[in-house]
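Asker: Below are the structure tokens for one structure; questions will follow.
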Amino acid sequence: MRKFKNKYHVDTNRLPGWNYTNQGSYFITICCKDMIHFFGEIDSSGQMVLNELGQIAKNEWIRTKEIREDMNVDFGAFVVMPNHFHAILNIGENPFNKGKILLNGNNYGPQIKNLPSLIRGYKSSVTIECRKLLPEFSWQSRYYDIIIRSNDTYLRIENYINENPMKWKYDRYNNPNNNP
């Protein structure tokens, strides 16, 4: 961790030089703060059973596509887990990327109409709705993304997302003491 203006600055997880308005497929993971199981539980058959907060997380994700029509987004596989969310998000050609792969050389402009703004909006809307039911709901401050660059990688990630609930008992963050 380095300092900027005499304050600690956490480096970005984003790929240096990549412009996140680019069309393409992205694998994202968003975690709940302290890995608390806010969204429900996995039943004995390996199926995710969403509680009210989990249903909010799912519904807000689906609404994201409607809200961001101008970004030409489409969804691949996604799953709401007890303490995190995985999704494949496809950003198509739109007025903000004009069909080009743009490299920005870390010369960041306004963070609108790109992947970070979309995730920020999603996290915000889920937080607002969930806090109406459970005021202590919170996300981890960051999220993780992978730029999917091949069909094989896309299929591997899609399989990972679809099998995630069945493999929950082996997840290192599956801690039953993390229930709200």
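Lettering and numbering for the structure tokens are positional, with chains as A, B, ... in the shown order, residues counted from 1 in each chain, and ligands counted from 1 in the shown order.
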Could you go through range 9-174 of chain A and tell me which residues DSSP, when run on the backbone, assigns to strand (DSSP E or B), listing them as a PyMOL selection string?
Answerer: chain A and resi 9+18+24-32+40-42+48-50+73-80+84-91+103+139-148
Asker: Keeping N, CA and C atoms, export the residues of the selection given above as a CSV table (one decimal), in the first residue's frame.
Answerer:
```csv
chain,number,residue,atom,x,y,z
A,9,HIS,N,-3.3,4.8,0.0
A,9,HIS,CA,-4.0,4.6,-1.3
A,9,HIS,C,-3.9,3.1,-1.6
A,18,TRP,N,-6.6,-1.1,-19.6
A,18,TRP,CA,-7.8,-1.6,-20.2
A,18,TRP,C,-8.9,-0.6,-19.9
A,24,GLY,N,-17.2,-6.7,-24.6
A,24,GLY,CA,-16.5,-8.0,-24.2
A,24,GLY,C,-17.3,-8.7,-23.1
A,25,SER,N,-16.8,-9.8,-22.6
A,25,SER,CA,-17.4,-10.5,-21.5
A,25,SER,C,-16.5,-10.4,-20.3
A,26,TYR,N,-17.2,-10.2,-19.2
A,26,TYR,CA,-16.5,-10.0,-17.9
A,26,TYR,C,-17.0,-11.0,-16.8
A,27,PHE,N,-16.2,-11.6,-16.1
A,27,PHE,CA,-16.6,-12.4,-15.0
A,27,PHE,C,-16.4,-11.6,-13.7
A,28,ILE,N,-17.5,-11.4,-12.9
A,28,ILE,CA,-17.4,-10.6,-11.7
A,28,ILE,C,-17.8,-11.4,-10.5
A,29,THR,N,-17.1,-11.0,-9.4
A,29,THR,CA,-17.5,-11.5,-8.1
A,29,THR,C,-17.6,-10.4,-7.1
A,30,ILE,N,-18.7,-10.3,-6.4
A,30,ILE,CA,-18.9,-9.3,-5.4
A,30,ILE,C,-19.2,-10.0,-4.1
A,31,CYS,N,-18.5,-9.6,-3.1
A,31,CYS,CA,-18.6,-10.3,-1.8
A,31,CYS,C,-19.3,-9.4,-0.7
A,32,CYS,N,-20.0,-10.0,0.2
A,32,CYS,CA,-20.6,-9.3,1.3
A,32,CYS,C,-19.5,-9.0,2.3
A,40,GLY,N,-29.0,-16.1,2.0
A,40,GLY,CA,-29.7,-17.3,2.1
A,40,GLY,C,-28.8,-18.5,2.5
A,41,GLU,N,-29.1,-19.7,2.0
A,41,GLU,CA,-28.3,-20.8,2.4
A,41,GLU,C,-28.4,-21.9,1.2
A,42,ILE,N,-27.4,-22.8,1.3
A,42,ILE,CA,-27.4,-23.9,0.3
A,42,ILE,C,-28.1,-25.1,1.0
A,48,MET,N,-29.1,-23.3,-4.1
A,48,MET,CA,-29.2,-22.1,-3.3
A,48,MET,C,-30.7,-21.7,-3.0
A,49,VAL,N,-30.9,-21.5,-1.8
A,49,VAL,CA,-32.3,-21.1,-1.3
A,49,VAL,C,-32.2,-19.6,-0.9
A,50,LEU,N,-32.7,-18.7,-1.7
A,50,LEU,CA,-32.6,-17.3,-1.5
A,50,LEU,C,-33.6,-16.9,-0.4
A,73,VAL,N,-26.0,-4.4,-22.6
A,73,VAL,CA,-25.5,-5.4,-21.8
A,73,VAL,C,-26.4,-6.7,-21.9
A,74,ASP,N,-25.8,-7.8,-21.7
A,74,ASP,CA,-26.5,-9.1,-21.7
A,74,ASP,C,-25.8,-9.9,-20.6
A,75,PHE,N,-26.6,-10.9,-20.1
A,75,PHE,CA,-26.1,-11.7,-19.0
A,75,PHE,C,-25.7,-13.1,-19.5
A,76,GLY,N,-24.6,-13.6,-18.9
A,76,GLY,CA,-24.3,-15.0,-19.0
A,76,GLY,C,-24.8,-15.6,-17.7
A,77,ALA,N,-24.2,-16.7,-17.3
A,77,ALA,CA,-24.6,-17.3,-16.1
A,77,ALA,C,-24.4,-16.4,-14.9
A,78,PHE,N,-25.2,-16.5,-13.9
A,78,PHE,CA,-25.0,-15.8,-12.6
A,78,PHE,C,-25.6,-16.6,-11.5
A,79,VAL,N,-25.1,-16.3,-10.3
A,79,VAL,CA,-25.6,-17.0,-9.1
A,79,VAL,C,-25.4,-16.1,-7.9
A,80,VAL,N,-26.5,-16.1,-7.1
A,80,VAL,CA,-26.4,-15.4,-5.8
A,80,VAL,C,-26.1,-16.5,-4.8
A,84,HIS,N,-21.9,-14.1,-1.4
A,84,HIS,CA,-21.3,-13.4,-2.6
A,84,HIS,C,-22.1,-13.6,-3.8
A,85,PHE,N,-21.7,-13.0,-4.9
A,85,PHE,CA,-22.4,-13.0,-6.1
A,85,PHE,C,-21.4,-13.2,-7.3
A,86,HIS,N,-21.7,-14.1,-8.2
A,86,HIS,CA,-20.9,-14.3,-9.4
A,86,HIS,C,-21.8,-14.1,-10.6
A,87,ALA,N,-21.2,-13.5,-11.6
A,87,ALA,CA,-21.9,-13.3,-12.9
A,87,ALA,C,-20.9,-13.1,-14.0
A,88,ILE,N,-21.4,-13.5,-15.2
A,88,ILE,CA,-20.8,-13.2,-16.5
A,88,ILE,C,-21.6,-12.0,-17.0
A,89,LEU,N,-21.0,-11.0,-17.4
A,89,LEU,CA,-21.7,-9.8,-18.0
A,89,LEU,C,-21.0,-9.5,-19.3
A,90,ASN,N,-21.9,-9.4,-20.3
A,90,ASN,CA,-21.4,-9.2,-21.7
A,90,ASN,C,-21.8,-7.7,-22.0
A,91,ILE,N,-20.8,-6.9,-22.4
A,91,ILE,CA,-21.1,-5.6,-22.9
A,91,ILE,C,-20.9,-5.6,-24.4
A,103,LEU,N,-7.8,1.2,-25.4
A,103,LEU,CA,-6.8,1.1,-24.3
A,103,LEU,C,-6.7,2.6,-23.8
A,139,TRP,N,-21.8,-4.5,1.6
A,139,TRP,CA,-20.9,-5.2,0.7
A,139,TRP,C,-19.5,-5.0,1.1
A,140,GLN,N,-18.6,-5.8,0.6
A,140,GLN,CA,-17.2,-5.6,0.7
A,140,GLN,C,-16.9,-4.3,-0.2
A,141,SER,N,-15.9,-3.5,0.1
A,141,SER,CA,-15.8,-2.3,-0.7
A,141,SER,C,-15.4,-2.5,-2.1
A,142,ARG,N,-14.8,-3.6,-2.5
A,142,ARG,CA,-14.3,-3.8,-3.9
A,142,ARG,C,-15.1,-4.9,-4.5
A,143,TYR,N,-14.7,-5.2,-5.7
A,143,TYR,CA,-15.2,-6.4,-6.4
A,143,TYR,C,-14.1,-7.0,-7.3
A,144,TYR,N,-14.2,-8.2,-7.8
A,144,TYR,CA,-13.2,-8.8,-8.6
A,144,TYR,C,-13.7,-9.0,-10.0
A,145,ASP,N,-12.9,-8.8,-11.0
A,145,ASP,CA,-13.3,-9.0,-12.3
A,145,ASP,C,-12.2,-9.7,-13.1
A,146,ILE,N,-12.6,-10.5,-14.1
A,146,ILE,CA,-11.7,-11.1,-15.1
A,146,ILE,C,-12.3,-10.8,-16.4
A,147,ILE,N,-11.4,-10.3,-17.3
A,147,ILE,CA,-11.8,-10.1,-18.7
A,147,ILE,C,-11.7,-11.4,-19.4
A,148,ILE,N,-12.8,-11.9,-19.9
A,148,ILE,CA,-12.9,-13.2,-20.6
A,148,ILE,C,-12.4,-13.0,-22.0
```
Asker: Taking the DSSP assignment computed from this structure's backbone, write out as number ranges by chain all residues of chain A that belong to helix (DSSP H, G or I).
Answerer: A: 33-35, 52-67, 69-71, 115-133, 151-163, 165-170, 176-178
Asker: Between A:Glu129, A:Glu136, A:Ser45, A:Lys58, single out the one closest to Lys167 in chain A, counting only C-alpha atoms.
Answerer: A:Ser45
Asker: CA of Ile161 in chain A to CA of Trp61 in chain A: how many Å, to one decimal?
Answerer: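 Separation between CA of Ile161 in chain A and CA of Trp61 in chain A: 15.1 Å.
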Asker: Could you tell me how far CA of Glu163 in chain A lies from CA of Asn177 in chain A, in Å and to one decimal?
Answerer: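 So the answer is 23.3 Å.
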